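Structure file model_36.pdb; described as PDB, C-alpha atoms, pLDDT in the B column.
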ATOM      1  CA  GLN A 131      94.415 129.662  74.915  1.00 93.00           C
ATOM      2  CA  VAL A 132      96.620 126.846  76.163  1.00 97.00           C
ATOM      3  CA  GLN A 133      97.115 126.790  79.916  1.00 98.00           C
ATOM      4  CA  LEU A 134      99.200 124.365  81.941  1.00 98.00           C
ATOM      5  CA  VAL A 135      99.122 124.624  85.725  1.00 98.00           C
ATOM      6  CA  GLU A 136     101.415 122.468  87.852  1.00 98.00           C
ATOM      7  CA  SER A 137     100.831 121.667  91.507  1.00 98.00           C
ATOM      8  CA  GLY A 138     101.928 119.250  94.188  1.00 98.00           C
ATOM      9  CA  GLY A 139     105.487 120.340  94.833  1.00 98.00           C
ATOM     10  CA  GLY A 140     106.958 120.842  98.271  1.00 98.00           C
ATOM     11  CA  LEU A 141     109.604 119.823 100.751  1.00 98.00           C
ATOM     12  CA  VAL A 142     110.138 116.097 101.252  1.00 98.00           C
ATOM     13  CA  GLN A 143     112.782 114.024 103.003  1.00 98.00           C
ATOM     14  CA  PRO A 144     115.088 111.716 101.049  1.00 98.00           C
ATOM     15  CA  GLY A 145     113.291 108.450 100.357  1.00 98.00           C
ATOM     16  CA  GLY A 146     109.901 110.155 100.395  1.00 98.00           C
ATOM     17  CA  SER A 147     107.248 110.535  97.734  1.00 98.00           C
ATOM     18  CA  LEU A 148     105.324 113.293  95.994  1.00 98.00           C
ATOM     19  CA  ARG A 149     102.729 113.368  93.265  1.00 98.00           C
ATOM     20  CA  LEU A 150     102.771 116.282  90.863  1.00 98.00           C
ATOM     21  CA  SER A 151      99.750 117.276  88.795  1.00 98.00           C
ATOM     22  CA  CYS A 152      99.470 119.364  85.653  1.00 98.00           C
ATOM     23  CA  ALA A 153      95.994 120.622  84.799  1.00 98.00           C
ATOM     24  CA  ALA A 154      95.621 121.444  81.107  1.00 98.00           C
ATOM     25  CA  SER A 155      93.087 123.555  79.235  1.00 98.00           C
ATOM     26  CA  GLY A 156      92.617 125.303  75.915  1.00 97.00           C
ATOM     27  CA  PHE A 157      93.238 122.305  73.670  1.00 97.00           C
ATOM     28  CA  THR A 158      92.048 118.732  73.108  1.00 97.00           C
ATOM     29  CA  PHE A 159      94.138 117.143  75.811  1.00 97.00           C
ATOM     30  CA  SER A 160      93.569 113.521  74.826  1.00 97.00           C
ATOM     31  CA  ASN A 161      95.102 114.079  71.380  1.00 97.00           C
ATOM     32  CA  TYR A 162      98.547 115.140  72.535  1.00 97.00           C
ATOM     33  CA  ALA A 163     101.632 113.766  74.199  1.00 97.00           C
ATOM     34  CA  MET A 164     102.626 115.471  77.429  1.00 98.00           C
ATOM     35  CA  SER A 165     105.974 115.713  79.167  1.00 98.00           C
ATOM     36  CA  TRP A 166     107.503 116.577  82.504  1.00 98.00           C
ATOM     37  CA  TYR A 167     110.797 118.467  82.618  1.00 98.00           C
ATOM     38  CA  ARG A 168     112.850 119.746  85.519  1.00 98.00           C
ATOM     39  CA  GLN A 169     115.466 122.403  86.060  1.00 98.00           C
ATOM     40  CA  ALA A 170     117.821 122.465  89.014  1.00 96.00           C
ATOM     41  CA  PRO A 171     119.741 125.606  89.984  1.00 90.00           C
ATOM     42  CA  GLY A 172     122.636 126.144  87.608  1.00 93.00           C
ATOM     43  CA  ASN A 173     121.527 123.330  85.319  1.00 95.00           C
ATOM     44  CA  GLU A 174     119.752 123.185  81.987  1.00 97.00           C
ATOM     45  CA  ARG A 175     116.150 122.056  81.810  1.00 97.00           C
ATOM     46  CA  GLU A 176     115.995 118.298  81.267  1.00 98.00           C
ATOM     47  CA  LEU A 177     113.333 115.845  80.196  1.00 98.00           C
ATOM     48  CA  VAL A 178     112.105 113.645  83.029  1.00 98.00           C
ATOM     49  CA  ALA A 179     109.242 111.660  81.518  1.00 98.00           C
ATOM     50  CA  SER A 180     106.767 111.704  78.667  1.00 98.00           C
ATOM     51  CA  ILE A 181     103.466 110.049  77.825  1.00 98.00           C
ATOM     52  CA  THR A 182     101.863 109.789  74.413  1.00 97.00           C
ATOM     53  CA  SER A 183      98.198 110.157  73.578  1.00 96.00           C
ATOM     54  CA  ILE A 184      97.906 106.357  73.729  1.00 96.00           C
ATOM     55  CA  LYS A 185      99.741 106.244  77.075  1.00 95.00           C
ATOM     56  CA  ILE A 186     103.120 105.002  75.913  1.00 98.00           C
ATOM     57  CA  THR A 187     105.631 106.255  78.448  1.00 98.00           C
ATOM     58  CA  ASP A 188     109.331 107.052  78.456  1.00 98.00           C
ATOM     59  CA  TYR A 189     111.697 108.070  81.241  1.00 98.00           C
ATOM     60  CA  ALA A 190     115.085 109.584  81.792  1.00 98.00           C
ATOM     61  CA  ASP A 191     117.587 107.020  83.037  1.00 98.00           C
ATOM     62  CA  SER A 192     117.988 108.971  86.275  1.00 97.00           C
ATOM     63  CA  VAL A 193     114.333 108.445  87.272  1.00 98.00           C
ATOM     64  CA  GLN A 194     113.551 105.078  85.674  1.00 98.00           C
ATOM     65  CA  GLY A 195     111.975 102.769  88.227  1.00 97.00           C
ATOM     66  CA  ARG A 196     111.288 105.593  90.710  1.00 98.00           C
ATOM     67  CA  PHE A 197     108.964 107.951  88.823  1.00 98.00           C
ATOM     68  CA  THR A 198     105.717 107.142  87.026  1.00 98.00           C
ATOM     69  CA  ILE A 199     103.962 109.406  84.538  1.00 98.00           C
ATOM     70  CA  SER A 200     100.259 108.952  83.918  1.00 98.00           C
ATOM     71  CA  ARG A 201      97.336 110.853  82.486  1.00 98.00           C
ATOM     72  CA  ASP A 202      93.601 111.138  83.085  1.00 98.00           C
ATOM     73  CA  ASN A 203      92.010 112.352  79.885  1.00 97.00           C
ATOM     74  CA  ALA A 204      88.643 112.822  81.593  1.00 97.00           C
ATOM     75  CA  LYS A 205      90.273 115.345  83.937  1.00 98.00           C
ATOM     76  CA  ASN A 206      92.676 116.861  81.386  1.00 98.00           C
ATOM     77  CA  THR A 207      95.477 116.176  83.835  1.00 98.00           C
ATOM     78  CA  VAL A 208      98.904 114.589  83.656  1.00 98.00           C
ATOM     79  CA  TYR A 209     100.602 113.291  86.790  1.00 98.00           C
ATOM     80  CA  LEU A 210     104.113 112.490  87.924  1.00 98.00           C
ATOM     81  CA  GLN A 211     104.353 110.089  90.848  1.00 98.00           C
ATOM     82  CA  MET A 212     107.808 110.399  92.376  1.00 98.00           C
ATOM     83  CA  ASN A 213     109.024 107.765  94.817  1.00 98.00           C
ATOM     84  CA  SER A 214     112.362 107.151  96.526  1.00 98.00           C
ATOM     85  CA  LEU A 215     113.232 110.786  96.108  1.00 98.00           C
ATOM     86  CA  LYS A 216     116.865 111.852  96.285  1.00 98.00           C
ATOM     87  CA  PRO A 217     118.433 115.249  96.994  1.00 97.00           C
ATOM     88  CA  GLU A 218     119.489 115.411  93.347  1.00 96.00           C
ATOM     89  CA  ASP A 219     115.804 115.392  92.359  1.00 98.00           C
ATOM     90  CA  THR A 220     115.516 118.902  93.799  1.00 98.00           C
ATOM     91  CA  ALA A 221     114.356 121.165  90.985  1.00 98.00           C
ATOM     92  CA  ILE A 222     111.484 123.126  89.544  1.00 98.00           C
ATOM     93  CA  TYR A 223     109.269 120.695  87.666  1.00 98.00           C
ATOM     94  CA  TYR A 224     107.428 121.814  84.542  1.00 98.00           C
ATOM     95  CA  CYS A 225     104.894 120.161  82.297  1.00 97.00           C
ATOM     96  CA  LYS A 226     105.097 120.746  78.595  1.00 98.00           C
ATOM     97  CA  LEU A 227     102.871 120.422  75.559  1.00 97.00           C
ATOM     98  CA  ARG A 228     104.177 120.409  72.010  1.00 96.00           C
ATOM     99  CA  ARG A 229     101.438 121.391  69.580  1.00 94.00           C
ATOM    100  CA  TYR A 230     101.743 122.464  65.951  1.00 93.00           C
ATOM    101  CA  GLY A 231     105.490 122.824  66.375  1.00 93.00           C
ATOM    102  CA  LEU A 232     105.214 125.130  69.392  1.00 96.00           C
ATOM    103  CA  ASP A 233     106.134 124.331  72.979  1.00 96.00           C
ATOM    104  CA  TYR A 234     103.858 125.417  75.811  1.00 97.00           C
ATOM    105  CA  TRP A 235     105.085 125.407  79.397  1.00 98.00           C
ATOM    106  CA  GLY A 236     103.520 125.787  82.780  1.00 97.00           C
ATOM    107  CA  LYS A 237     105.071 128.018  85.437  1.00 98.00           C
ATOM    108  CA  GLY A 238     106.448 125.055  87.338  1.00 98.00           C
ATOM    109  CA  THR A 239     106.279 123.659  90.841  1.00 98.00           C
ATOM    110  CA  LEU A 240     109.259 123.456  93.191  1.00 98.00           C
ATOM    111  CA  VAL A 241     110.337 120.126  94.618  1.00 98.00           C
ATOM    112  CA  THR A 242     112.922 120.191  97.393  1.00 98.00           C
ATOM    113  CA  VAL A 243     114.368 116.929  98.709  1.00 98.00           C
ATOM    114  CA  SER A 244     116.227 117.550 101.935  1.00 97.00           C
ATOM    115  CA  SER A 245     116.498 116.269 105.479  1.00 95.00           C
TER     116      SER A 245
END

Would you mind writing the file's structure down as structure tokens?
Amino acid sequence: QVQLVESGGGLVQPGGSLRLSCAASGFTFSNYAMSWYRQAPGNERELVASITSIKITDYADSVQGRFTISRDNAKNTVYLQMNSLKPEDTAIYYCKLRRYGLDYWGKGTLVTVSS
């Protein structure tokens, strides 16, 4: 079965960096686009970044130029490098797979940006 496991979250000061990882299993990872979403308290879940099977990337305006999504198909892992973090980046970050019309989500990893 499909499994997505996020890691790498934590507490970081404004201006700092974190790298999130999402380890995938149960499907042919290299064939599918992957996405990162986030949900802050009281807010709806929003798309942060996506990467296609051929590594074309797209970003939300709010993170463009600060975040970088990448994938390692040999490791079945998608990454989110987050630089110049701001307090408004505080959220639970989820990776998502869309496969055969169904969405699969990990359990998320919490990122807190605070001094």

List as JSON lines every residue of stretch 211-240 of chain A that is in contact with stretch 157-176 of chain A, defined as an atom at most 9 Å from one of its atoms (using all atoms listed in the file), together with the nearest atom pair and the distance in Å rounded to one decimal, sorted by chain and then rising number.
{"residue": "A:Glu218", "atom": "CA", "partner": "A:Ala170", "partner_atom": "CA", "distance": 8.4}
{"residue": "A:Asp219", "atom": "CA", "partner": "A:Ala170", "partner_atom": "CA", "distance": 8.1}
{"residue": "A:Thr220", "atom": "CA", "partner": "A:Ala170", "partner_atom": "CA", "distance": 6.4}
{"residue": "A:Ala221", "atom": "CA", "partner": "A:Ala170", "partner_atom": "CA", "distance": 4.2}
{"residue": "A:Ile222", "atom": "CA", "partner": "A:Gln169", "partner_atom": "CA", "distance": 5.3}
{"residue": "A:Tyr223", "atom": "CA", "partner": "A:Arg168", "partner_atom": "CA", "distance": 4.3}
{"residue": "A:Tyr224", "atom": "CA", "partner": "A:Tyr167", "partner_atom": "CA", "distance": 5.1}
{"residue": "A:Cys225", "atom": "CA", "partner": "A:Trp166", "partner_atom": "CA", "distance": 4.4}
{"residue": "A:Lys226", "atom": "CA", "partner": "A:Ser165", "partner_atom": "CA", "distance": 5.1}
{"residue": "A:Leu227", "atom": "CA", "partner": "A:Met164", "partner_atom": "CA", "distance": 5.3}
{"residue": "A:Arg228", "atom": "CA", "partner": "A:Ala163", "partner_atom": "CA", "distance": 7.4}
{"residue": "A:Arg229", "atom": "CA", "partner": "A:Tyr162", "partner_atom": "CA", "distance": 7.5}
{"residue": "A:Gly238", "atom": "CA", "partner": "A:Arg168", "partner_atom": "CA", "distance": 8.5}

Quick one: everything within 9 Å of stretch 230-235 of chain A, counting all atoms listed in the file, minus sequence neighbours fewer than 6 positions away in the same chain. Send it as a ChimeraX atom specification.
-> /A:132-135,224

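Once the PyMOL selection byres ((chain A and resi 140-147) around 9) is applied to this file, the selection holds Gly138, Gly139, Leu148, Arg149, Gln211, Met212, Asn213, Ser214, Leu215, Lys216, Pro217, Thr239, Leu240, Val241, Thr242, Val243, Ser244 and Ser245 of chain A.
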
Nearest to A:Ala179, chosen from A:Ser137, A:Gly236, A:Asn203, A:Leu210, with only C-alpha atoms counted in the distances = A:Leu210

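Straight-line separation from atom CA of A:Ser200 to atom CA of A:Asp188: 10.8 Å.
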
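Taking atom CA of A:Cys152 as the reference point, atom CA of A:Asp191 is found at 22.1 Å.
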
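Of the listed residues (A:Lys185, A:Lys237, A:Ser155, A:Leu177), A:Lys185 comes nearest to A:Arg201; the distances count only C-alpha atoms.
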
Please fill the gaps in stretch 142-153 of chain A so it has N, CA, C and O atoms, and write that as a PDB file, keeping the file's coordinate frame.
ATOM      1  N   VAL A 142     110.264 117.508 100.871  1.00 98.00           N
ATOM      2  CA  VAL A 142     110.138 116.097 101.252  1.00 98.00           C
ATOM      3  C   VAL A 142     111.508 115.572 101.649  1.00 98.00           C
ATOM      4  O   VAL A 142     112.534 116.027 101.121  1.00 98.00           O
ATOM      5  N   GLN A 143     111.515 114.623 102.579  1.00 98.00           N
ATOM      6  CA  GLN A 143     112.782 114.024 103.003  1.00 98.00           C
ATOM      7  C   GLN A 143     113.273 113.007 101.980  1.00 98.00           C
ATOM      8  O   GLN A 143     112.467 112.430 101.231  1.00 98.00           O
ATOM      9  N   PRO A 144     114.569 112.772 101.933  1.00 98.00           N
ATOM     10  CA  PRO A 144     115.088 111.716 101.049  1.00 98.00           C
ATOM     11  C   PRO A 144     114.381 110.392 101.322  1.00 98.00           C
ATOM     12  O   PRO A 144     114.133 110.032 102.483  1.00 98.00           O
ATOM     13  N   GLY A 145     114.044 109.695 100.251  1.00 98.00           N
ATOM     14  CA  GLY A 145     113.291 108.450 100.357  1.00 98.00           C
ATOM     15  C   GLY A 145     111.794 108.636 100.326  1.00 98.00           C
ATOM     16  O   GLY A 145     111.052 107.648 100.210  1.00 98.00           O
ATOM     17  N   GLY A 146     111.334 109.875 100.395  1.00 98.00           N
ATOM     18  CA  GLY A 146     109.901 110.155 100.395  1.00 98.00           C
ATOM     19  C   GLY A 146     109.296 110.185  99.013  1.00 98.00           C
ATOM     20  O   GLY A 146     109.969 109.915  98.009  1.00 98.00           O
ATOM     21  N   SER A 147     108.010 110.523  98.985  1.00 98.00           N
ATOM     22  CA  SER A 147     107.248 110.535  97.734  1.00 98.00           C
ATOM     23  C   SER A 147     106.456 111.827  97.597  1.00 98.00           C
ATOM     24  O   SER A 147     106.091 112.457  98.592  1.00 98.00           O
ATOM     25  N   LEU A 148     106.218 112.188  96.340  1.00 98.00           N
ATOM     26  CA  LEU A 148     105.324 113.293  95.994  1.00 98.00           C
ATOM     27  C   LEU A 148     104.610 112.937  94.711  1.00 98.00           C
ATOM     28  O   LEU A 148     105.150 112.192  93.878  1.00 98.00           O
ATOM     29  N   ARG A 149     103.423 113.499  94.537  1.00 98.00           N
ATOM     30  CA  ARG A 149     102.729 113.368  93.265  1.00 98.00           C
ATOM     31  C   ARG A 149     102.463 114.764  92.720  1.00 98.00           C
ATOM     32  O   ARG A 149     101.772 115.570  93.361  1.00 98.00           O
ATOM     33  N   LEU A 150     102.998 115.015  91.549  1.00 98.00           N
ATOM     34  CA  LEU A 150     102.771 116.282  90.863  1.00 98.00           C
ATOM     35  C   LEU A 150     101.586 116.134  89.911  1.00 98.00           C
ATOM     36  O   LEU A 150     101.367 115.063  89.338  1.00 98.00           O
ATOM     37  N   SER A 151     100.862 117.234  89.742  1.00 98.00           N
ATOM     38  CA  SER A 151      99.750 117.276  88.795  1.00 98.00           C
ATOM     39  C   SER A 151      99.949 118.450  87.848  1.00 98.00           C
ATOM     40  O   SER A 151     100.515 119.482  88.228  1.00 98.00           O
ATOM     41  N   CYS A 152      99.465 118.280  86.636  1.00 98.00           N
ATOM     42  CA  CYS A 152      99.470 119.364  85.653  1.00 98.00           C
ATOM     43  C   CYS A 152      98.075 119.406  85.024  1.00 98.00           C
ATOM     44  O   CYS A 152      97.707 118.490  84.277  1.00 98.00           O
ATOM     45  N   ALA A 153      97.336 120.442  85.346  1.00 98.00           N
ATOM     46  CA  ALA A 153      95.994 120.622  84.799  1.00 98.00           C
ATOM     47  C   ALA A 153      96.082 121.407  83.497  1.00 98.00           C
ATOM     48  O   ALA A 153      96.660 122.500  83.467  1.00 98.00           O
TER      49      ALA A 153
END
